[in-house]
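Next up, upload_4.csv (CSV, C-alpha atoms (C1' of nucleotides)):
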```
chain,number,residue,atom,x,y,z
A,1,MET,CA,0.0,0.0,0.0
A,2,PRO,CA,1.4,3.4,-0.9
A,3,ALA,CA,1.9,5.6,2.1
A,4,LYS,CA,0.1,8.9,2.1
A,5,LYS,CA,1.8,12.2,1.7
A,6,PRO,CA,4.3,11.1,4.3
A,7,PHE,CA,7.1,12.4,6.2
A,8,VAL,CA,5.8,13.7,9.3
A,9,PRO,CA,9.1,13.4,10.9
A,10,THR,CA,8.5,12.7,14.5
A,11,THR,CA,12.2,12.2,14.6
A,12,ASP,CA,15.4,13.0,13.1
A,13,VAL,CA,16.2,9.3,12.9
A,14,PRO,CA,15.7,8.0,9.4
A,15,ALA,CA,12.3,6.5,9.5
A,16,LEU,CA,11.9,2.8,9.6
A,17,GLU,CA,8.9,1.5,7.6
A,18,LEU,CA,7.7,-1.8,8.7
A,19,GLU,CA,6.7,-2.7,5.2
A,20,HIS,CA,10.3,-2.6,4.2
A,21,PHE,CA,11.8,-4.1,7.3
A,22,LEU,CA,13.0,-7.6,6.6
A,23,PRO,CA,12.3,-9.2,10.0
A,24,TYR,CA,8.8,-7.9,9.8
A,25,ARG,CA,8.2,-9.2,6.3
A,26,LEU,CA,9.6,-12.6,7.1
A,27,SER,CA,7.3,-12.8,10.0
A,28,VAL,CA,4.2,-11.9,8.0
A,29,LEU,CA,5.0,-14.2,5.2
A,30,SER,CA,5.8,-17.1,7.5
A,31,ASN,CA,2.6,-16.6,9.4
A,32,THR,CA,0.5,-16.4,6.3
A,33,VAL,CA,2.0,-19.5,4.9
A,34,SER,CA,1.9,-21.5,8.1
A,35,ALA,CA,-1.7,-20.6,8.7
A,36,ALA,CA,-2.7,-21.6,5.2
A,37,LEU,CA,-0.9,-24.8,5.4
A,38,ALA,CA,-2.2,-25.6,8.9
A,39,GLY,CA,-5.7,-25.0,7.5
A,40,ALA,CA,-5.0,-27.8,5.0
A,41,TYR,CA,-4.2,-30.5,7.5
A,42,ALA,CA,-5.0,-29.4,11.0
A,43,ARG,CA,-8.8,-29.9,10.5
A,44,ARG,CA,-8.5,-33.0,8.4
A,45,PHE,CA,-6.0,-34.9,10.6
A,46,ALA,CA,-6.2,-33.1,13.9
A,47,LEU,CA,-2.5,-32.3,13.7
A,48,THR,CA,-0.7,-29.4,15.1
A,49,ILE,CA,2.3,-27.9,13.4
A,50,PRO,CA,4.8,-29.4,15.8
A,51,GLN,CA,3.2,-32.8,15.4
A,52,TRP,CA,3.4,-32.5,11.7
A,53,ARG,CA,7.1,-31.7,11.9
A,54,VAL,CA,7.8,-34.6,14.1
A,55,ILE,CA,6.0,-36.9,11.7
A,56,ALA,CA,7.8,-35.5,8.7
A,57,VAL,CA,11.2,-36.1,10.3
A,58,LEU,CA,10.4,-39.5,11.6
A,59,ALA,CA,9.2,-40.6,8.1
A,60,ARG,CA,12.6,-39.8,6.7
A,61,ALA,CA,14.7,-40.8,9.7
A,62,PRO,CA,13.0,-43.5,11.8
A,63,GLY,CA,14.5,-44.3,15.2
A,64,LEU,CA,15.6,-40.8,16.2
A,65,SER,CA,15.6,-39.7,19.8
A,66,ALA,CA,13.4,-36.8,20.9
A,67,ALA,CA,16.5,-34.7,21.2
A,68,ALA,CA,17.5,-35.5,17.6
A,69,VAL,CA,14.1,-34.7,16.4
A,70,ALA,CA,14.3,-31.4,18.3
A,71,GLU,CA,17.5,-30.6,16.6
A,72,ARG,CA,16.3,-31.4,13.1
A,73,THR,CA,13.0,-29.5,13.5
A,74,ALA,CA,14.5,-26.5,15.2
A,75,MET,CA,11.9,-27.1,17.9
A,76,ASP,CA,12.6,-26.9,21.6
A,77,LYS,CA,12.7,-30.2,23.5
A,78,VAL,CA,9.6,-29.4,25.4
A,79,ALA,CA,7.6,-28.9,22.2
A,80,VAL,CA,8.9,-32.2,20.9
A,81,SER,CA,8.0,-34.0,24.1
A,82,ARG,CA,4.5,-32.7,24.0
A,83,ALA,CA,4.1,-33.4,20.3
A,84,VAL,CA,5.3,-36.9,20.7
A,85,ALA,CA,3.0,-37.4,23.7
A,86,GLY,CA,0.0,-36.3,21.5
A,87,LEU,CA,1.0,-38.5,18.6
A,88,MET,CA,1.4,-41.5,20.8
A,89,ARG,CA,-2.0,-41.0,22.3
A,90,LYS,CA,-3.3,-41.2,18.8
A,91,GLY,CA,-1.3,-44.2,17.9
A,92,ARG,CA,0.8,-42.4,15.3
A,93,VAL,CA,4.1,-42.7,16.9
A,94,ARG,CA,5.7,-45.5,18.8
A,95,ARG,CA,8.4,-45.1,21.4
A,96,VAL,CA,10.8,-47.7,22.9
A,97,LEU,CA,13.7,-47.0,25.1
A,98,ALA,CA,17.2,-47.5,23.6
A,99,ALA,CA,18.8,-50.7,24.9
A,100,SER,CA,22.2,-49.0,25.3
A,101,ASP,CA,20.9,-45.9,27.1
A,102,ARG,CA,17.6,-46.1,28.8
A,103,ARG,CA,17.2,-42.4,29.0
A,104,ARG,CA,16.9,-42.2,25.2
A,105,SER,CA,13.8,-42.7,23.2
A,106,VAL,CA,13.7,-44.5,19.9
A,107,LEU,CA,10.8,-43.0,18.0
A,108,THR,CA,9.2,-44.4,14.9
A,109,LEU,CA,6.0,-43.9,13.0
A,110,THR,CA,3.3,-46.5,13.3
A,111,ALA,CA,1.4,-47.6,10.2
A,112,ARG,CA,-1.2,-45.0,11.0
A,113,GLY,CA,1.4,-42.3,11.4
A,114,ALA,CA,3.0,-43.3,8.1
A,115,SER,CA,-0.4,-43.2,6.5
A,116,VAL,CA,-1.0,-39.6,7.8
A,117,TYR,CA,2.4,-38.7,6.4
A,118,ARG,CA,1.5,-40.1,3.0
A,119,GLN,CA,-1.7,-38.2,2.9
A,120,ILE,CA,-0.3,-34.9,3.9
A,121,VAL,CA,2.8,-34.8,1.8
A,122,PRO,CA,0.9,-34.2,-1.5
A,123,LEU,CA,-1.1,-31.4,0.2
A,124,ALA,CA,2.0,-29.8,1.5
A,125,ARG,CA,3.8,-30.1,-1.8
A,126,ALA,CA,0.8,-28.8,-3.7
A,127,TYR,CA,0.7,-25.7,-1.6
A,128,GLU,CA,4.4,-25.1,-1.9
A,129,ARG,CA,4.1,-25.6,-5.6
A,130,ARG,CA,1.3,-23.0,-5.9
A,131,LEU,CA,3.3,-20.6,-3.8
A,132,LEU,CA,6.5,-21.0,-5.7
A,133,GLY,CA,4.5,-20.9,-8.9
A,134,GLU,CA,4.8,-17.2,-8.5
A,135,LEU,CA,8.4,-17.5,-9.4
A,136,GLY,CA,10.1,-18.9,-12.5
A,137,PRO,CA,12.4,-21.9,-12.1
A,138,ALA,CA,15.6,-19.8,-12.0
A,139,GLU,CA,14.1,-17.5,-9.5
A,140,GLN,CA,13.0,-20.4,-7.4
A,141,SER,CA,16.5,-21.8,-7.1
A,142,LEU,CA,17.9,-18.4,-6.5
A,143,PHE,CA,15.5,-17.7,-3.8
A,144,ASP,CA,16.3,-21.0,-2.3
A,145,GLN,CA,19.9,-20.2,-2.2
A,146,LEU,CA,19.5,-16.7,-0.8
A,147,LEU,CA,17.3,-18.0,1.9
A,148,ALA,CA,19.8,-20.6,2.9
A,149,ARG,CA,22.5,-18.0,3.2
A,150,LEU,CA,20.3,-15.7,5.3
A,151,GLN,CA,19.5,-18.7,7.5
A,152,LYS,CA,23.1,-19.4,8.0
A,153,ARG,CA,23.9,-15.8,8.8
A,154,SER,CA,21.0,-15.4,11.2
A,155,TRP,CA,22.3,-18.4,13.0
A,156,LEU,CA,25.7,-16.9,13.3
A,157,LEU,CA,24.4,-13.6,14.5
A,158,GLY,CA,22.9,-15.6,17.4
A,159,PRO,CA,20.0,-15.0,19.8
A,160,SER,CA,22.0,-12.8,22.2
A,161,GLY,CA,21.6,-9.3,20.8
A,162,ASP,CA,24.8,-8.1,19.2
A,163,SER,CA,28.4,-9.0,19.1
A,164,ARG,CA,29.7,-11.6,16.8
A,165,VAL,CA,30.1,-11.1,13.1
B,1,MET,CA,18.5,-54.8,15.9
B,2,PRO,CA,14.7,-54.7,15.7
B,3,ALA,CA,13.4,-57.6,13.7
B,4,LYS,CA,10.5,-55.4,12.6
B,5,LYS,CA,10.3,-54.3,9.2
B,6,PRO,CA,11.8,-50.9,9.1
B,7,PHE,CA,9.6,-48.2,7.7
B,8,VAL,CA,11.0,-47.6,4.3
B,9,PRO,CA,9.8,-44.5,2.5
B,10,THR,CA,7.5,-46.7,0.5
B,11,THR,CA,4.4,-46.2,-1.4
B,12,ASP,CA,5.5,-43.8,-4.0
B,13,VAL,CA,5.1,-40.7,-2.0
B,14,PRO,CA,8.1,-38.7,-2.8
B,15,ALA,CA,9.8,-38.0,0.5
B,16,LEU,CA,9.4,-34.5,1.9
B,17,GLU,CA,12.4,-33.3,3.6
B,18,LEU,CA,11.7,-30.5,6.0
B,19,GLU,CA,15.1,-28.9,5.3
B,20,HIS,CA,13.9,-28.2,1.8
B,21,PHE,CA,10.4,-27.4,2.5
B,22,LEU,CA,9.7,-23.7,2.1
B,23,PRO,CA,7.1,-23.1,4.8
B,24,TYR,CA,9.4,-24.8,7.3
B,25,ARG,CA,12.4,-22.8,6.3
B,26,LEU,CA,10.5,-19.5,6.4
B,27,SER,CA,9.3,-20.4,9.8
B,28,VAL,CA,12.8,-21.2,11.1
B,29,LEU,CA,14.4,-18.1,9.7
B,30,SER,CA,11.6,-15.9,10.9
B,31,ASN,CA,11.8,-17.3,14.4
B,32,THR,CA,15.6,-17.0,14.5
B,33,VAL,CA,15.5,-13.4,13.3
B,34,SER,CA,12.6,-12.3,15.6
B,35,ALA,CA,14.2,-13.9,18.6
B,36,ALA,CA,17.5,-12.2,17.9
B,37,LEU,CA,15.9,-8.8,17.4
B,38,ALA,CA,13.6,-9.1,20.4
B,39,GLY,CA,16.7,-9.8,22.5
B,40,ALA,CA,18.0,-6.5,21.3
B,41,TYR,CA,15.1,-4.4,22.5
B,42,ALA,CA,12.8,-6.4,24.7
B,43,ARG,CA,15.2,-6.4,27.6
B,44,ARG,CA,16.3,-2.8,27.2
B,45,PHE,CA,12.9,-1.3,26.7
B,46,ALA,CA,10.5,-3.9,28.1
B,47,LEU,CA,8.8,-4.0,24.8
B,48,THR,CA,7.1,-6.9,23.2
B,49,ILE,CA,7.1,-7.5,19.5
B,50,PRO,CA,3.5,-6.3,19.0
B,51,GLN,CA,4.2,-3.2,21.0
B,52,TRP,CA,7.3,-2.5,18.9
B,53,ARG,CA,5.2,-2.8,15.8
B,54,VAL,CA,2.6,-0.4,17.1
B,55,ILE,CA,5.2,2.1,17.9
B,56,ALA,CA,6.9,1.7,14.5
B,57,VAL,CA,3.6,2.3,12.7
B,58,LEU,CA,2.6,5.3,14.8
B,59,ALA,CA,5.9,6.9,14.4
B,60,ARG,CA,5.3,7.0,10.7
B,61,ALA,CA,1.6,7.5,10.7
B,62,PRO,CA,0.4,9.3,13.8
B,63,GLY,CA,-3.3,9.5,14.4
B,64,LEU,CA,-4.3,6.0,13.2
B,65,SER,CA,-7.1,4.1,14.7
B,66,ALA,CA,-6.5,0.7,16.3
B,67,ALA,CA,-8.1,-1.0,13.4
B,68,ALA,CA,-5.8,0.9,11.0
B,69,VAL,CA,-2.8,-0.1,13.0
B,70,ALA,CA,-4.0,-3.7,12.9
B,71,GLU,CA,-4.2,-3.6,9.2
B,72,ARG,CA,-0.8,-2.1,8.7
B,73,THR,CA,1.0,-4.4,11.1
B,74,ALA,CA,-0.8,-7.6,10.0
B,75,MET,CA,-1.8,-8.0,13.6
B,76,ASP,CA,-5.2,-9.0,14.9
B,77,LYS,CA,-7.3,-6.4,16.6
B,78,VAL,CA,-7.0,-8.0,19.9
B,79,ALA,CA,-3.3,-8.0,19.8
B,80,VAL,CA,-3.3,-4.3,18.9
B,81,SER,CA,-5.8,-3.6,21.7
B,82,ARG,CA,-3.5,-5.2,24.2
B,83,ALA,CA,-0.3,-3.7,22.9
B,84,VAL,CA,-1.9,-0.3,23.0
B,85,ALA,CA,-3.1,-0.9,26.5
B,86,GLY,CA,0.4,-1.8,27.6
B,87,LEU,CA,1.9,1.2,25.9
B,88,MET,CA,-0.5,3.6,27.4
B,89,ARG,CA,0.2,2.2,30.8
B,90,LYS,CA,3.9,3.1,30.2
B,91,GLY,CA,3.0,6.5,28.9
B,92,ARG,CA,4.3,5.7,25.4
B,93,VAL,CA,1.1,6.1,23.5
B,94,ARG,CA,-1.7,8.5,23.9
B,95,ARG,CA,-5.3,7.8,22.8
B,96,VAL,CA,-8.2,10.2,22.3
B,97,LEU,CA,-11.5,9.4,20.7
B,98,ALA,CA,-12.3,10.7,17.3
B,99,ALA,CA,-14.7,13.7,17.4
B,100,SER,CA,-16.6,12.4,14.4
B,101,ASP,CA,-16.9,8.9,15.6
B,102,ARG,CA,-16.5,8.2,19.2
B,103,ARG,CA,-15.9,4.5,18.7
B,104,ARG,CA,-12.7,5.2,17.0
B,105,SER,CA,-9.4,5.8,18.7
B,106,VAL,CA,-6.9,8.3,17.5
B,107,LEU,CA,-3.5,7.0,18.6
B,108,THR,CA,-0.2,8.9,18.8
B,109,LEU,CA,3.1,8.4,20.4
B,110,THR,CA,4.0,10.5,23.4
B,111,ALA,CA,7.4,12.1,23.7
B,112,ARG,CA,8.5,9.0,25.5
B,113,GLY,CA,7.1,6.7,22.9
B,114,ALA,CA,8.9,8.7,20.2
B,115,SER,CA,12.1,8.5,22.2
B,116,VAL,CA,11.9,4.7,22.4
B,117,TYR,CA,11.3,4.6,18.7
B,118,ARG,CA,14.4,6.7,18.0
B,119,GLN,CA,16.5,4.5,20.2
B,120,ILE,CA,15.4,1.3,18.7
B,121,VAL,CA,15.5,2.2,15.0
B,122,PRO,CA,19.3,2.2,14.9
B,123,LEU,CA,19.4,-1.2,16.6
B,124,ALA,CA,16.8,-2.7,14.3
B,125,ARG,CA,18.6,-1.3,11.3
B,126,ALA,CA,21.9,-2.5,12.5
B,127,TYR,CA,20.6,-6.0,12.9
B,128,GLU,CA,19.0,-5.9,9.5
B,129,ARG,CA,22.2,-4.6,7.9
B,130,ARG,CA,24.3,-7.4,9.5
B,131,LEU,CA,21.8,-10.0,8.3
B,132,LEU,CA,21.6,-8.6,4.8
B,133,GLY,CA,25.4,-8.2,4.8
B,134,GLU,CA,25.4,-11.8,3.9
B,135,LEU,CA,24.1,-10.8,0.4
B,136,GLY,CA,25.6,-8.4,-2.1
B,137,PRO,CA,23.6,-5.3,-3.1
B,138,ALA,CA,22.1,-6.9,-6.2
B,139,GLU,CA,21.2,-10.0,-4.3
B,140,GLN,CA,19.5,-7.9,-1.6
B,141,SER,CA,17.3,-6.1,-4.0
B,142,LEU,CA,16.5,-9.3,-5.8
B,143,PHE,CA,15.6,-11.0,-2.5
B,144,ASP,CA,13.5,-8.1,-1.6
B,145,GLN,CA,11.6,-8.4,-4.8
B,146,LEU,CA,11.1,-12.1,-4.7
B,147,LEU,CA,9.9,-11.9,-1.1
B,148,ALA,CA,7.4,-9.3,-2.1
B,149,ARG,CA,6.0,-11.5,-4.8
B,150,LEU,CA,5.8,-14.5,-2.6
B,151,GLN,CA,4.0,-12.4,0.0
B,152,LYS,CA,1.5,-11.3,-2.6
B,153,ARG,CA,0.9,-14.8,-3.8
B,154,SER,CA,0.6,-16.3,-0.3
B,155,TRP,CA,-2.1,-13.7,0.3
B,156,LEU,CA,-4.0,-14.7,-2.7
B,157,LEU,CA,-3.8,-18.4,-1.9
B,158,GLY,CA,-5.3,-17.5,1.5
B,159,PRO,CA,-6.2,-19.9,4.2
B,160,SER,CA,-7.9,-22.7,2.4
B,161,GLY,CA,-11.4,-23.4,3.3
B,162,ASP,CA,-13.3,-20.9,5.3
B,163,SER,CA,-12.1,-17.6,6.5
B,164,ARG,CA,-11.7,-14.0,6.3
B,165,VAL,CA,-10.0,-11.5,4.0
C,1,DC,C1',30.7,-48.5,43.8
C,2,DC,C1',30.3,-43.6,45.5
C,3,DG,C1',29.7,-38.7,44.4
C,4,DG,C1',29.8,-34.8,41.2
C,5,DG,C1',28.7,-33.6,36.8
C,6,DT,C1',26.0,-34.3,32.4
C,7,DT,C1',22.3,-35.6,29.4
C,8,DA,C1',17.3,-37.2,28.1
C,9,DG,C1',13.0,-36.2,28.7
C,10,DT,C1',8.7,-34.7,31.6
C,11,DT,C1',6.0,-31.7,34.4
C,12,DG,C1',4.2,-27.4,36.7
C,13,DC,C1',3.4,-22.7,36.4
C,14,DA,C1',3.1,-18.3,34.5
C,15,DA,C1',2.8,-15.5,30.5
C,16,DT,C1',0.9,-15.1,25.6
C,17,DT,C1',-2.4,-15.8,22.2
C,18,DG,C1',-6.8,-16.6,19.8
C,19,DC,C1',-11.6,-16.8,19.7
C,20,DA,C1',-16.0,-15.6,20.9
C,21,DA,C1',-19.0,-12.9,23.4
C,22,DC,C1',-19.8,-8.4,24.9
C,23,DT,C1',-20.4,-3.0,25.2
C,24,DA,C1',-20.8,1.1,23.0
C,25,DT,C1',-21.4,4.0,19.1
C,26,DA,C1',-22.7,4.7,14.4
C,27,DA,C1',-25.3,3.9,10.0
C,28,DT,C1',-29.3,2.3,7.5
C,29,DC,C1',-33.9,1.2,6.3
C,30,DC,C1',-38.8,1.5,6.8
D,1,DG,C1',-38.0,8.1,14.9
D,2,DG,C1',-37.2,3.5,16.2
D,3,DA,C1',-35.7,-1.0,15.1
D,4,DT,C1',-32.0,-3.5,12.7
D,5,DT,C1',-27.6,-4.2,11.4
D,6,DA,C1',-22.7,-3.0,11.3
D,7,DT,C1',-18.2,-1.4,13.2
D,8,DA,C1',-14.5,-0.2,17.0
D,9,DG,C1',-12.6,-1.9,20.6
D,10,DT,C1',-12.3,-4.7,25.1
D,11,DT,C1',-12.7,-8.6,28.0
D,12,DG,C1',-13.1,-13.6,29.6
D,13,DC,C1',-11.8,-18.0,28.9
D,14,DA,C1',-9.4,-21.8,27.1
D,15,DA,C1',-5.7,-23.6,24.6
D,16,DT,C1',-0.5,-23.0,23.5
D,17,DT,C1',4.0,-21.9,24.7
D,18,DG,C1',8.3,-21.2,27.3
D,19,DC,C1',11.1,-21.5,31.2
D,20,DA,C1',12.8,-23.6,34.9
D,21,DA,C1',12.8,-27.2,38.1
D,22,DC,C1',12.6,-31.9,38.4
D,23,DT,C1',13.4,-37.2,37.8
D,24,DA,C1',15.9,-40.7,35.8
D,25,DA,C1',19.8,-42.7,33.7
D,26,DC,C1',24.6,-42.5,32.3
D,27,DC,C1',29.7,-41.2,32.8
D,28,DC,C1',34.0,-40.7,35.0
D,29,DG,C1',37.5,-40.1,38.5
D,30,DG,C1',38.9,-41.8,42.6
```

Would it be possible to restate this file's structure as structure tokens?
Amino acid sequence: MPAKKPFVPTTDVPALELEHFLPYRLSVLSNTVSAALAGAYARRFALTIPQWRVIAVLARAPGLSAAAVAERTAMDKVAVSRAVAGLMRKGRVRRVLAASDRRRSVLTLTARGASVYRQIVPLARAYERRLLGELGPAEQSLFDQLLARLQKRSWLLGPSGDSRV
Amino acid sequence: MPAKKPFVPTTDVPALELEHFLPYRLSVLSNTVSAALAGAYARRFALTIPQWRVIAVLARAPGLSAAAVAERTAMDKVAVSRAVAGLMRKGRVRRVLAASDRRRSVLTLTARGASVYRQIVPLARAYERRLLGELGPAEQSLFDQLLARLQKRSWLLGPSGDSRV
DNA sequence: CCGGGTTAGTTGCAATTGCAACTATAATCC
DNA sequence: GGATTATAGTTGCAATTGCAACTAACCCGG
């Protein structure tokens, strides 16, 4: 949306417009996308986003521990714990304790969990395809690459304010 | 070794790897960035993200109603209501009722609110600069443009099924 | 094997959020 | 004008989340 006849300088600091501020834009896009996607599977399968992530990871890498799932999904261990608890209640994930270390869970999808995965993947892919349909193939791979670099950088900048670079 | 049949990706559903799934990546990046940024100002100014957004918008466009703020920040009206309440409590935002329509608020920053804005903007910009420092100038503007197009598209795709907008 | 330190995972509690119901004001239609 | 409908914003409640404390199991030096 075009601003009005702006520059009502409440300040001598160069104005910061939210619409052009990257963190804000990432947040808006991510929320829009997540909401749309969740709408596609939450109702149908009674799945939360954390639960879907756990399923997606376990489908590809059966036998992970909860901590390993947390690492791969960028979720906090509490979130994983609760997602797994919910999935077990519904018979979508099975947990056994590792023989060599009885603190550690060994998580796998049940047949029902795998079935949910198989049903959702096409929906997820279709959404992604429609979204990326906005961009041409070259643009897609470029965007992909730029995103990866920003991700890496954001990780280096770290959660604790400034320092590091 | 479990004698069970290991779940092998199976039935012709092409595997979906979270690491390459756009919605997931957007979410991770957005969360990392927001957390880093919040760390930079939340502690120093006791400001939540919604509150910061309200301030940022009002600095540029004083006199907006709560609904207008909600629209510009992509926040829900309840979030705006609570952010404004918190900001008023701290004397950072002032509200009067519109003469022509006494349901509508007219929101402006107080001197203290404007001061907070002036202090945060450089921090926010610095973070953004360091993040985007990962990319060259041409890449930055390209990324900017691609992001805008994806945002537009995600908006069009909307939350599937029932909802607003 | 005993104690200090570490890691895996769960639970309790407080803060955040989202939704729906509610109040108050304004606009519209007959 | 009076009833009906719509809009701005707030509040209550329930569900989600995040943090920290906790339990349980392992590890290592003596």

Exercise. For B:Val84, please output as a list of chain:residue names all residues within 8 Å (counting only C-alpha atoms (C1' of nucleotides); exclusion window: fewer than 2 positions along the same chain).
Key: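 Result of the neighbour search: B:Gln51, B:Val54, B:Val80, B:Ser81, B:Arg82, B:Gly86, B:Leu87, B:Met88, B:Val93.
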
Quiz item: Counting all atoms listed in the file, which residues come within 8 Å of (0.7, 7.1, 16.8), with the point read in the file's coordinates, and could you list them as a PyMOL selection string?
Solution: chain B and resi 54-55+57-64+93-94+106-109

Write out as a PDB file with C-alpha atoms, in the coordinates of the input each polymer residue whose atoms come within 8 Å of D:DA25, counting all atoms listed in the file; drop sequence neighbours fewer than 4 positions from it.
```
ATOM      1  CA  ASP A 101      20.900 -45.900  27.100  1.00  0.00           C
ATOM      2  CA  ARG A 102      17.600 -46.100  28.800  1.00  0.00           C
ATOM      3  CA  ARG A 103      17.200 -42.400  29.000  1.00  0.00           C
TER       4      ARG A 103
END
```

Self-check item: Interatomic distance (Å, one decimal) between atom CA of B:Ala148 and atom CA of A:Gln151
Solution: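 According to the coordinates, atom CA of B:Ala148 and atom CA of A:Gln151 are separated by 18.1 Å.
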
Using 12 Å as the limit and counting only C-alpha atoms (C1' of nucleotides), can you tabulate each residue of chain A that touches chain D, with its shortest atom-to-atom distance in Å and the two atoms involved, as a tab-separated table?
```
residue	atom	partner	partner_atom	distance
A:Thr48	CA	D:DT16	C1'	10.6
A:Ile49	CA	D:DT16	C1'	11.6
A:Pro50	CA	D:DT16	C1'	11.3
A:Met75	CA	D:DT17	C1'	11.6
A:Asp76	CA	D:DG18	C1'	9.1
A:Lys77	CA	D:DG18	C1'	10.7
A:Val78	CA	D:DG18	C1'	8.5
A:Ala79	CA	D:DT17	C1'	8.3
A:Arg82	CA	D:DT17	C1'	10.8
A:Ala83	CA	D:DT16	C1'	11.8
A:Leu97	CA	D:DA25	C1'	11.4
A:Ala98	CA	D:DA25	C1'	11.5
A:Ala99	CA	D:DA25	C1'	11.9
A:Ser100	CA	D:DC26	C1'	9.8
A:Asp101	CA	D:DC26	C1'	7.2
A:Arg102	CA	D:DA25	C1'	6.4
A:Arg103	CA	D:DA25	C1'	5.4
A:Arg104	CA	D:DA25	C1'	9.0
```

Quiz item: By least-squares superposition of chain A on chain B, using all C-alpha atoms in order, what RMSD in Å to one decimal is obtained?
Solution: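 The superposed chains show a C-alpha RMSD of 4.3 Å.
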
Using the incomplete input, complete stretch 46-62 of chain B to the level of N, CA and C atoms; output as a CSV table (one decimal), in the frame of the given file.
```csv
chain,number,residue,atom,x,y,z
B,46,ALA,N,11.7,-3.2,27.7
B,46,ALA,CA,10.5,-3.9,28.1
B,46,ALA,C,9.4,-3.7,27.1
B,47,LEU,N,9.7,-4.1,25.9
B,47,LEU,CA,8.8,-4.0,24.8
B,47,LEU,C,8.6,-5.3,24.2
B,48,THR,N,7.3,-5.7,23.9
B,48,THR,CA,7.1,-6.9,23.2
B,48,THR,C,7.1,-6.6,21.7
B,49,ILE,N,7.1,-7.7,20.9
B,49,ILE,CA,7.1,-7.5,19.5
B,49,ILE,C,5.8,-6.7,19.0
B,50,PRO,N,4.6,-7.1,19.4
B,50,PRO,CA,3.5,-6.3,19.0
B,50,PRO,C,3.6,-4.9,19.4
B,51,GLN,N,4.1,-4.6,20.6
B,51,GLN,CA,4.2,-3.2,21.0
B,51,GLN,C,5.2,-2.5,20.1
B,52,TRP,N,6.3,-3.1,19.8
B,52,TRP,CA,7.3,-2.5,18.9
B,52,TRP,C,6.6,-2.2,17.5
B,53,ARG,N,5.8,-3.1,17.1
B,53,ARG,CA,5.2,-2.8,15.8
B,53,ARG,C,4.2,-1.6,15.8
B,54,VAL,N,3.5,-1.5,16.9
B,54,VAL,CA,2.6,-0.4,17.1
B,54,VAL,C,3.4,0.9,17.1
B,55,ILE,N,4.4,0.9,17.8
B,55,ILE,CA,5.2,2.1,17.9
B,55,ILE,C,5.8,2.5,16.5
B,56,ALA,N,6.3,1.5,15.8
B,56,ALA,CA,6.9,1.7,14.5
B,56,ALA,C,5.9,2.3,13.6
B,57,VAL,N,4.7,1.8,13.6
B,57,VAL,CA,3.6,2.3,12.7
B,57,VAL,C,3.2,3.7,13.1
B,58,LEU,N,3.0,4.0,14.4
B,58,LEU,CA,2.6,5.3,14.8
B,58,LEU,C,3.6,6.3,14.6
B,59,ALA,N,4.9,6.0,14.7
B,59,ALA,CA,5.9,6.9,14.4
B,59,ALA,C,5.8,7.5,13.0
B,60,ARG,N,5.4,6.6,12.1
B,60,ARG,CA,5.3,7.0,10.7
B,60,ARG,C,4.0,7.6,10.4
B,61,ALA,N,2.9,7.1,11.1
B,61,ALA,CA,1.6,7.5,10.7
B,61,ALA,C,0.8,7.8,12.0
B,62,PRO,N,1.1,9.0,12.6
B,62,PRO,CA,0.4,9.3,13.8
B,62,PRO,C,-1.1,9.5,13.6
```
